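The block underneath contains the structure these notes are about, expressed in structure tokens.
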Amino acid sequence: MREELVALAKLAEMDDSARDIDAELKQIPQRLEEMRNSVLTLETMLAQERQQLSEAEQLKAKQTSELKERSEGLQRARKKVAQATSIREADAGEREVEANRRAIKEREDELGRIAQAIEAKTASLAEREKDFEETKTSLQTDEESSKTRVAELEEQRAKLLDGRDVLAAKVSKTIIKRYERLKTGIPNAVIIISDGTCTACRMALPPQLTIELQRANELHQCPHCRRIIIHKAVVEG
Ligand SMILES: [Zn+2]
């Protein structure tokens, strides 16, 4: 058991030394994923805004052609008034003139609102396009630099964990499993103590446990923080 504990202590030390690297290796793809999502969101918004702009342009064309029809209608109505041979005809012509005038006014107001909307949409679209291009470019840059960084980290990690397999082979599978499980929840899952206190959680250990730890006959965990504890005397032999 003593040899197993020594191997486990060394293995845990190795893992701890690679902990920052592991965290960065996990964080890099997450960050890239978030950036890819941002690019996709901006792309969707951009498509929506382009669609809205094109709808506004269509509306403008429709209103413009209606305005033209009404202007022609107004000309015809004025002609009718001028050429009227009776009061009834003249009244009918006047009503037509009035109806066309109202319609022209409405179309002109509407075209004014559409022009404003088009102007605003064009400006925000330009802004959005700029945003999209910038985000896309920084994603590409980040993807490139991340590739280099991941390669660097993996090389460092391999160096730090060199010999881990040999150590792991010296520890029983049950203990390795227990250690791996602990490791996912807490940093420094194995700690080395030199007196009756758990150095991780600072709680005093029962005196009997401290004695048993020095005997190194079995695996012990801190009753407070659940970390595996190994006595310094065991590791140092
Ligand atoms: Zn503890």
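All residue names refer to the structure tokens as shown: chains lettered A, B, ... in order, residues numbered from 1 in each chain, ligands numbered from 1 in order.
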Given only C-alpha atoms and all ligand atoms, how would the per-residue table for chain A near ligand 1 read, listing every residue at most 6 Å away with its closest atom pair and distance in Å to one decimal, sorted by chain and number, as CSV?
residue,atom,partner,partner_atom_place_in_ligand_line,distance
A:Cys198,CA,ligand 1,1 (Zn),4.6
A:Ala200,CA,ligand 1,1 (Zn),5.2
A:Cys201,CA,ligand 1,1 (Zn),4.2
A:Cys222,CA,ligand 1,1 (Zn),4.6
A:His224,CA,ligand 1,1 (Zn),5.0
A:Cys225,CA,ligand 1,1 (Zn),4.1
A:Arg227,CA,ligand 1,1 (Zn),5.9
Surrounding residues of stretch 106-116 of chain A excluding itself and chain neighbours under 2 positions, 7 Å, only C-alpha atoms, as a ChimeraX atom specification: /A:56,60,63,67,102-104,118-120
Hey, what's within 12 Å of A:Glu155 if we count only C-alpha atoms and toss same-chain stuff fewer than 5 positions away? As a compact mmCIF listing (two decimals) with N, CA and C atoms, in the first residue's frame, please?
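The new file selection.txt reads:
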# COMPACT_ATOMS: atom_id res chain seq x y z
N ALA A 18 -0.25 20.16 -14.39
CA ALA A 18 -0.84 20.36 -15.73
C ALA A 18 -2.24 20.96 -15.66
N ILE A 21 -2.88 24.12 -17.72
CA ILE A 21 -2.86 23.77 -19.14
C ILE A 21 -4.18 23.11 -19.53
N ASP A 22 -4.63 22.17 -18.69
CA ASP A 22 -5.91 21.49 -18.96
C ASP A 22 -7.05 22.49 -19.03
N LEU A 25 -6.82 24.39 -22.26
CA LEU A 25 -7.19 23.53 -23.39
C LEU A 25 -8.70 23.35 -23.48
N THR A 148 -2.01 27.26 -32.91
CA THR A 148 -0.63 27.30 -32.44
C THR A 148 -0.57 27.09 -30.93
N ARG A 149 -1.48 27.78 -30.23
CA ARG A 149 -1.50 27.71 -28.76
C ARG A 149 -1.82 26.29 -28.29
N VAL A 150 -2.79 25.65 -28.91
CA VAL A 150 -3.17 24.29 -28.52
C VAL A 150 -1.99 23.34 -28.72
N LEU A 160 4.95 17.43 -19.09
CA LEU A 160 4.61 17.39 -17.66
C LEU A 160 4.09 16.02 -17.23
N LEU A 161 3.37 15.38 -18.14
CA LEU A 161 2.76 14.10 -17.76
C LEU A 161 3.59 12.90 -18.21
N ASP A 162 4.82 13.19 -18.60
CA ASP A 162 5.70 12.11 -19.02
C ASP A 162 5.94 11.16 -17.84
List every residue of chain A that DSSP, applied to the backbone of this structure, places in helix (DSSP H, G or I), and write the result as a PDB file with C-alpha atoms, in the first residue's frame.
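Output below, filename selection-v5.pdb:
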ATOM      1  CA  ARG A   2       2.821   2.363   0.857  1.00  0.00           C
ATOM      2  CA  GLU A   3       4.274   2.170  -2.669  1.00  0.00           C
ATOM      3  CA  GLU A   4       0.842   2.676  -4.132  1.00  0.00           C
ATOM      4  CA  LEU A   5       0.361   5.821  -2.047  1.00  0.00           C
ATOM      5  CA  VAL A   6       3.759   7.161  -3.078  1.00  0.00           C
ATOM      6  CA  ALA A   7       2.938   6.593  -6.743  1.00  0.00           C
ATOM      7  CA  LEU A   8      -0.486   8.205  -6.298  1.00  0.00           C
ATOM      8  CA  ALA A   9       1.075  11.251  -4.625  1.00  0.00           C
ATOM      9  CA  LYS A  10       3.499  11.703  -7.533  1.00  0.00           C
ATOM     10  CA  LEU A  11       0.777  11.161 -10.092  1.00  0.00           C
ATOM     11  CA  ALA A  12      -1.459  13.743  -8.422  1.00  0.00           C
ATOM     12  CA  GLU A  13       1.422  16.197  -8.305  1.00  0.00           C
ATOM     13  CA  MET A  14       1.900  15.731 -12.038  1.00  0.00           C
ATOM     14  CA  ASP A  15      -1.796  16.254 -12.711  1.00  0.00           C
ATOM     15  CA  ASP A  16      -1.799  19.375 -10.577  1.00  0.00           C
ATOM     16  CA  SER A  17       1.143  20.781 -12.494  1.00  0.00           C
ATOM     17  CA  ARG A  19      -4.046  21.774 -14.286  1.00  0.00           C
ATOM     18  CA  ASP A  20      -3.708  25.277 -15.766  1.00  0.00           C
ATOM     19  CA  ILE A  21      -2.861  23.771 -19.142  1.00  0.00           C
ATOM     20  CA  ASP A  22      -5.908  21.488 -18.957  1.00  0.00           C
ATOM     21  CA  ALA A  23      -8.105  24.461 -18.083  1.00  0.00           C
ATOM     22  CA  GLU A  24      -6.784  26.478 -21.015  1.00  0.00           C
ATOM     23  CA  LEU A  25      -7.187  23.531 -23.387  1.00  0.00           C
ATOM     24  CA  LYS A  26     -10.812  23.273 -22.310  1.00  0.00           C
ATOM     25  CA  GLN A  27     -11.435  27.003 -22.498  1.00  0.00           C
ATOM     26  CA  ILE A  28     -10.016  27.602 -26.003  1.00  0.00           C
ATOM     27  CA  PRO A  29     -12.639  25.603 -27.942  1.00  0.00           C
ATOM     28  CA  GLN A  30     -15.391  27.059 -25.744  1.00  0.00           C
ATOM     29  CA  ARG A  31     -14.302  30.590 -26.569  1.00  0.00           C
ATOM     30  CA  LEU A  32     -14.103  29.796 -30.294  1.00  0.00           C
ATOM     31  CA  GLU A  33     -17.569  28.251 -30.141  1.00  0.00           C
ATOM     32  CA  GLU A  34     -18.974  31.414 -28.556  1.00  0.00           C
ATOM     33  CA  MET A  35     -17.360  33.529 -31.277  1.00  0.00           C
ATOM     34  CA  ARG A  36     -18.746  31.282 -34.014  1.00  0.00           C
ATOM     35  CA  ASN A  37     -22.194  31.704 -32.504  1.00  0.00           C
ATOM     36  CA  SER A  38     -21.787  35.485 -32.480  1.00  0.00           C
ATOM     37  CA  VAL A  39     -20.817  35.441 -36.152  1.00  0.00           C
ATOM     38  CA  LEU A  40     -23.885  33.316 -36.942  1.00  0.00           C
ATOM     39  CA  THR A  41     -26.186  35.615 -34.957  1.00  0.00           C
ATOM     40  CA  LEU A  42     -24.830  38.693 -36.733  1.00  0.00           C
ATOM     41  CA  GLU A  43     -25.210  36.955 -40.080  1.00  0.00           C
ATOM     42  CA  THR A  44     -28.860  36.168 -39.336  1.00  0.00           C
ATOM     43  CA  MET A  45     -29.548  39.755 -38.232  1.00  0.00           C
ATOM     44  CA  LEU A  46     -27.812  41.045 -41.324  1.00  0.00           C
ATOM     45  CA  ALA A  47     -30.010  38.885 -43.575  1.00  0.00           C
ATOM     46  CA  GLN A  48     -33.133  40.098 -41.739  1.00  0.00           C
ATOM     47  CA  GLU A  49     -32.153  43.744 -42.107  1.00  0.00           C
ATOM     48  CA  ARG A  50     -31.360  43.287 -45.795  1.00  0.00           C
ATOM     49  CA  GLN A  51     -34.782  41.709 -46.206  1.00  0.00           C
ATOM     50  CA  GLN A  52     -36.453  44.633 -44.403  1.00  0.00           C
ATOM     51  CA  LEU A  53     -34.592  47.109 -46.590  1.00  0.00           C
ATOM     52  CA  SER A  54     -35.642  45.320 -49.742  1.00  0.00           C
ATOM     53  CA  GLU A  55     -39.273  45.301 -48.538  1.00  0.00           C
ATOM     54  CA  ALA A  56     -39.085  49.045 -47.927  1.00  0.00           C
ATOM     55  CA  GLU A  57     -37.656  49.580 -51.413  1.00  0.00           C
ATOM     56  CA  GLN A  58     -40.516  47.562 -52.897  1.00  0.00           C
ATOM     57  CA  LEU A  59     -43.056  49.597 -50.952  1.00  0.00           C
ATOM     58  CA  LYS A  60     -41.402  52.785 -52.182  1.00  0.00           C
ATOM     59  CA  ALA A  61     -41.663  51.621 -55.804  1.00  0.00           C
ATOM     60  CA  LYS A  62     -45.338  50.715 -55.315  1.00  0.00           C
ATOM     61  CA  GLN A  63     -46.206  54.058 -53.711  1.00  0.00           C
ATOM     62  CA  THR A  64     -44.258  55.943 -56.390  1.00  0.00           C
ATOM     63  CA  SER A  65     -46.166  54.280 -59.181  1.00  0.00           C
ATOM     64  CA  GLU A  66     -49.461  54.940 -57.377  1.00  0.00           C
ATOM     65  CA  LEU A  67     -48.446  58.575 -56.978  1.00  0.00           C
ATOM     66  CA  LYS A  68     -47.835  58.776 -60.726  1.00  0.00           C
ATOM     67  CA  GLU A  69     -51.260  57.265 -61.453  1.00  0.00           C
ATOM     68  CA  ARG A  70     -52.930  59.733 -59.111  1.00  0.00           C
ATOM     69  CA  SER A  71     -51.081  62.677 -60.695  1.00  0.00           C
ATOM     70  CA  GLU A  72     -52.321  61.585 -64.100  1.00  0.00           C
ATOM     71  CA  GLY A  73     -55.798  61.158 -62.606  1.00  0.00           C
ATOM     72  CA  LEU A  74     -55.598  64.705 -61.280  1.00  0.00           C
ATOM     73  CA  GLN A  75     -54.715  66.033 -64.746  1.00  0.00           C
ATOM     74  CA  ARG A  76     -57.681  64.190 -66.247  1.00  0.00           C
ATOM     75  CA  ALA A  77     -60.033  65.444 -63.530  1.00  0.00           C
ATOM     76  CA  ARG A  78     -58.914  69.056 -64.069  1.00  0.00           C
ATOM     77  CA  LYS A  79     -59.511  68.660 -67.775  1.00  0.00           C
ATOM     78  CA  LYS A  80     -63.028  67.353 -67.002  1.00  0.00           C
ATOM     79  CA  VAL A  81     -63.728  70.428 -64.859  1.00  0.00           C
ATOM     80  CA  ALA A  82     -62.441  72.740 -67.606  1.00  0.00           C
ATOM     81  CA  GLN A  83     -64.469  71.005 -70.257  1.00  0.00           C
ATOM     82  CA  ILE A  87     -72.926  72.122 -63.211  1.00  0.00           C
ATOM     83  CA  ARG A  88     -73.362  68.404 -62.496  1.00  0.00           C
ATOM     84  CA  GLU A  89     -70.358  67.544 -64.672  1.00  0.00           C
ATOM     85  CA  ALA A  90     -68.330  70.334 -63.092  1.00  0.00           C
ATOM     86  CA  ASP A  91     -69.186  69.098 -59.559  1.00  0.00           C
ATOM     87  CA  ALA A  92     -68.267  65.529 -60.449  1.00  0.00           C
ATOM     88  CA  GLY A  93     -64.992  66.777 -61.890  1.00  0.00           C
ATOM     89  CA  GLU A  94     -64.256  68.822 -58.755  1.00  0.00           C
ATOM     90  CA  ARG A  95     -64.890  65.793 -56.540  1.00  0.00           C
ATOM     91  CA  GLU A  96     -62.484  63.776 -58.677  1.00  0.00           C
ATOM     92  CA  VAL A  97     -59.883  66.526 -58.405  1.00  0.00           C
ATOM     93  CA  GLU A  98     -60.309  66.547 -54.606  1.00  0.00           C
ATOM     94  CA  ALA A  99     -60.081  62.744 -54.303  1.00  0.00           C
ATOM     95  CA  ASN A 100     -56.893  62.681 -56.338  1.00  0.00           C
ATOM     96  CA  ARG A 101     -55.386  65.533 -54.353  1.00  0.00           C
ATOM     97  CA  ARG A 102     -56.072  63.689 -51.084  1.00  0.00           C
ATOM     98  CA  ALA A 103     -54.607  60.491 -52.465  1.00  0.00           C
ATOM     99  CA  ILE A 104     -51.527  62.358 -53.702  1.00  0.00           C
ATOM    100  CA  LYS A 105     -51.027  63.941 -50.281  1.00  0.00           C
ATOM    101  CA  GLU A 106     -51.322  60.530 -48.583  1.00  0.00           C
ATOM    102  CA  ARG A 107     -48.841  58.941 -50.991  1.00  0.00           C
ATOM    103  CA  GLU A 108     -46.393  61.802 -50.536  1.00  0.00           C
ATOM    104  CA  ASP A 109     -46.572  61.513 -46.740  1.00  0.00           C
ATOM    105  CA  GLU A 110     -46.153  57.775 -46.945  1.00  0.00           C
ATOM    106  CA  LEU A 111     -43.167  58.142 -49.304  1.00  0.00           C
ATOM    107  CA  GLY A 112     -41.597  60.576 -46.840  1.00  0.00           C
ATOM    108  CA  ARG A 113     -41.917  58.004 -44.023  1.00  0.00           C
ATOM    109  CA  ILE A 114     -40.556  55.238 -46.249  1.00  0.00           C
ATOM    110  CA  ALA A 115     -37.577  57.397 -47.242  1.00  0.00           C
ATOM    111  CA  GLN A 116     -36.787  58.011 -43.566  1.00  0.00           C
ATOM    112  CA  ALA A 117     -37.092  54.314 -42.790  1.00  0.00           C
ATOM    113  CA  ILE A 118     -34.835  53.429 -45.711  1.00  0.00           C
ATOM    114  CA  GLU A 119     -32.251  55.955 -44.592  1.00  0.00           C
ATOM    115  CA  ALA A 120     -32.242  54.618 -41.014  1.00  0.00           C
ATOM    116  CA  LYS A 121     -32.151  50.998 -42.165  1.00  0.00           C
ATOM    117  CA  THR A 122     -29.309  51.699 -44.593  1.00  0.00           C
ATOM    118  CA  ALA A 123     -27.261  53.300 -41.811  1.00  0.00           C
ATOM    119  CA  SER A 124     -27.860  50.462 -39.337  1.00  0.00           C
ATOM    120  CA  LEU A 125     -27.156  47.922 -42.049  1.00  0.00           C
ATOM    121  CA  ALA A 126     -23.773  49.518 -42.718  1.00  0.00           C
ATOM    122  CA  GLU A 127     -23.043  49.370 -38.988  1.00  0.00           C
ATOM    123  CA  ARG A 128     -24.129  45.734 -38.817  1.00  0.00           C
ATOM    124  CA  GLU A 129     -22.029  44.803 -41.839  1.00  0.00           C
ATOM    125  CA  LYS A 130     -18.996  46.403 -40.213  1.00  0.00           C
ATOM    126  CA  ASP A 131     -19.678  44.482 -36.988  1.00  0.00           C
ATOM    127  CA  PHE A 132     -20.082  41.245 -38.886  1.00  0.00           C
ATOM    128  CA  GLU A 133     -16.864  41.674 -40.848  1.00  0.00           C
ATOM    129  CA  GLU A 134     -14.903  42.574 -37.718  1.00  0.00           C
ATOM    130  CA  THR A 135     -16.223  39.643 -35.723  1.00  0.00           C
ATOM    131  CA  LYS A 136     -15.577  37.284 -38.622  1.00  0.00           C
ATOM    132  CA  THR A 137     -12.029  38.546 -39.013  1.00  0.00           C
ATOM    133  CA  SER A 138     -11.254  38.278 -35.316  1.00  0.00           C
ATOM    134  CA  LEU A 139     -12.685  34.756 -35.300  1.00  0.00           C
ATOM    135  CA  GLN A 140     -10.361  33.784 -38.148  1.00  0.00           C
ATOM    136  CA  THR A 141      -7.391  35.356 -36.374  1.00  0.00           C
ATOM    137  CA  ASP A 142      -8.326  33.619 -33.141  1.00  0.00           C
ATOM    138  CA  GLU A 143      -8.789  30.276 -34.868  1.00  0.00           C
ATOM    139  CA  GLU A 144      -5.290  30.549 -36.300  1.00  0.00           C
ATOM    140  CA  SER A 145      -3.592  31.605 -33.072  1.00  0.00           C
ATOM    141  CA  SER A 146      -5.541  29.001 -31.107  1.00  0.00           C
ATOM    142  CA  LYS A 147      -4.178  26.251 -33.315  1.00  0.00           C
ATOM    143  CA  THR A 148      -0.633  27.301 -32.442  1.00  0.00           C
ATOM    144  CA  ARG A 149      -1.498  27.708 -28.762  1.00  0.00           C
ATOM    145  CA  VAL A 150      -3.171  24.293 -28.516  1.00  0.00           C
ATOM    146  CA  ALA A 151      -0.133  22.649 -30.099  1.00  0.00           C
ATOM    147  CA  GLU A 152       2.130  24.445 -27.604  1.00  0.00           C
ATOM    148  CA  LEU A 153      -0.043  23.456 -24.660  1.00  0.00           C
ATOM    149  CA  GLU A 154      -0.262  19.866 -25.746  1.00  0.00           C
ATOM    150  CA  GLU A 155       3.498  19.672 -26.047  1.00  0.00           C
ATOM    151  CA  GLN A 156       3.923  21.165 -22.556  1.00  0.00           C
ATOM    152  CA  ARG A 157       1.270  18.832 -21.196  1.00  0.00           C
ATOM    153  CA  ALA A 158       2.955  15.778 -22.677  1.00  0.00           C
ATOM    154  CA  LYS A 159       6.231  16.818 -21.034  1.00  0.00           C
ATOM    155  CA  LEU A 160       4.606  17.391 -17.657  1.00  0.00           C
ATOM    156  CA  ARG A 164       2.275   9.198 -15.675  1.00  0.00           C
ATOM    157  CA  ASP A 165       1.318   5.829 -17.164  1.00  0.00           C
ATOM    158  CA  VAL A 166       4.117   4.124 -15.265  1.00  0.00           C
ATOM    159  CA  LEU A 167       2.913   5.659 -12.009  1.00  0.00           C
ATOM    160  CA  ALA A 168      -0.744   4.889 -12.760  1.00  0.00           C
ATOM    161  CA  ALA A 169       0.163   1.242 -13.326  1.00  0.00           C
ATOM    162  CA  LYS A 173      -7.776   0.662 -10.493  1.00  0.00           C
ATOM    163  CA  THR A 174     -10.200   1.255  -7.622  1.00  0.00           C
ATOM    164  CA  ILE A 175      -7.990   3.941  -6.131  1.00  0.00           C
ATOM    165  CA  ILE A 176      -7.336   5.550  -9.510  1.00  0.00           C
ATOM    166  CA  LYS A 177     -11.079   5.671 -10.101  1.00  0.00           C
ATOM    167  CA  ARG A 178     -11.727   7.224  -6.730  1.00  0.00           C
ATOM    168  CA  TYR A 179      -9.000   9.776  -7.371  1.00  0.00           C
ATOM    169  CA  GLU A 180     -10.292  10.648 -10.854  1.00  0.00           C
ATOM    170  CA  ARG A 181     -13.790  11.109  -9.482  1.00  0.00           C
ATOM    171  CA  LEU A 182     -12.552  13.421  -6.724  1.00  0.00           C
ATOM    172  CA  LYS A 183     -10.367  15.340  -9.156  1.00  0.00           C
ATOM    173  CA  THR A 184     -13.302  16.430 -11.316  1.00  0.00           C
ATOM    174  CA  GLY A 185     -14.907  18.183  -8.355  1.00  0.00           C
ATOM    175  CA  PRO A 207      -5.418  11.916  16.227  1.00  0.00           C
ATOM    176  CA  GLN A 208      -6.117   8.257  15.435  1.00  0.00           C
ATOM    177  CA  LEU A 209      -6.293   9.098  11.724  1.00  0.00           C
ATOM    178  CA  THR A 210      -2.948  10.903  11.845  1.00  0.00           C
ATOM    179  CA  ILE A 211      -1.363   7.771  13.305  1.00  0.00           C
ATOM    180  CA  GLU A 212      -2.985   5.537  10.689  1.00  0.00           C
ATOM    181  CA  LEU A 213      -1.783   7.876   7.951  1.00  0.00           C
ATOM    182  CA  GLN A 214       1.807   7.317   9.024  1.00  0.00           C
ATOM    183  CA  ARG A 215       1.300   3.564   8.978  1.00  0.00           C
ATOM    184  CA  LYS A 232       4.635  13.458   4.235  1.00  0.00           C
ATOM    185  CA  ALA A 233       6.663  10.771   6.023  1.00  0.00           C
ATOM    186  CA  VAL A 234       5.204   8.140   3.661  1.00  0.00           C
ATOM    187  CA  VAL A 235       6.077  10.060   0.513  1.00  0.00           C
ATOM    188  CA  GLU A 236       9.562  10.872   1.671  1.00  0.00           C
TER     189      GLU A 236
END
Which of stretch 115-237 of chain A DSSP labels strand (DSSP E or B), written as a VMD selection string: chain A and resid 190 to 193 197 204 220 to 221 228 to 231
Same residues, C-alpha atoms, saved as an mmCIF file, in the first residue's frame:
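Final output, result.cif:
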data_model
loop_
_atom_site.group_PDB
_atom_site.id
_atom_site.type_symbol
_atom_site.label_atom_id
_atom_site.label_comp_id
_atom_site.auth_asym_id
_atom_site.auth_seq_id
_atom_site.Cartn_x
_atom_site.Cartn_y
_atom_site.Cartn_z
ATOM 1 C CA VAL A 190 -4.541 14.439 -3.162
ATOM 2 C CA ILE A 191 -2.803 16.385 -0.446
ATOM 3 C CA ILE A 192 0.279 15.729 1.573
ATOM 4 C CA ILE A 193 0.101 16.559 5.257
ATOM 5 C CA THR A 197 -4.166 19.233 10.027
ATOM 6 C CA ALA A 204 -7.793 19.259 12.413
ATOM 7 C CA HIS A 220 -7.623 7.725 3.735
ATOM 8 C CA GLN A 221 -9.700 10.762 2.906
ATOM 9 C CA ILE A 228 -7.201 11.879 -0.301
ATOM 10 C CA ILE A 229 -4.588 12.523 2.355
ATOM 11 C CA ILE A 230 -1.112 11.050 2.469
ATOM 12 C CA HIS A 231 1.420 11.708 5.187
#
Between atom CA of A:Glu218 and atom CA of A:Lys170, what distance in Å does the model show, to one decimal? 14.8 Å
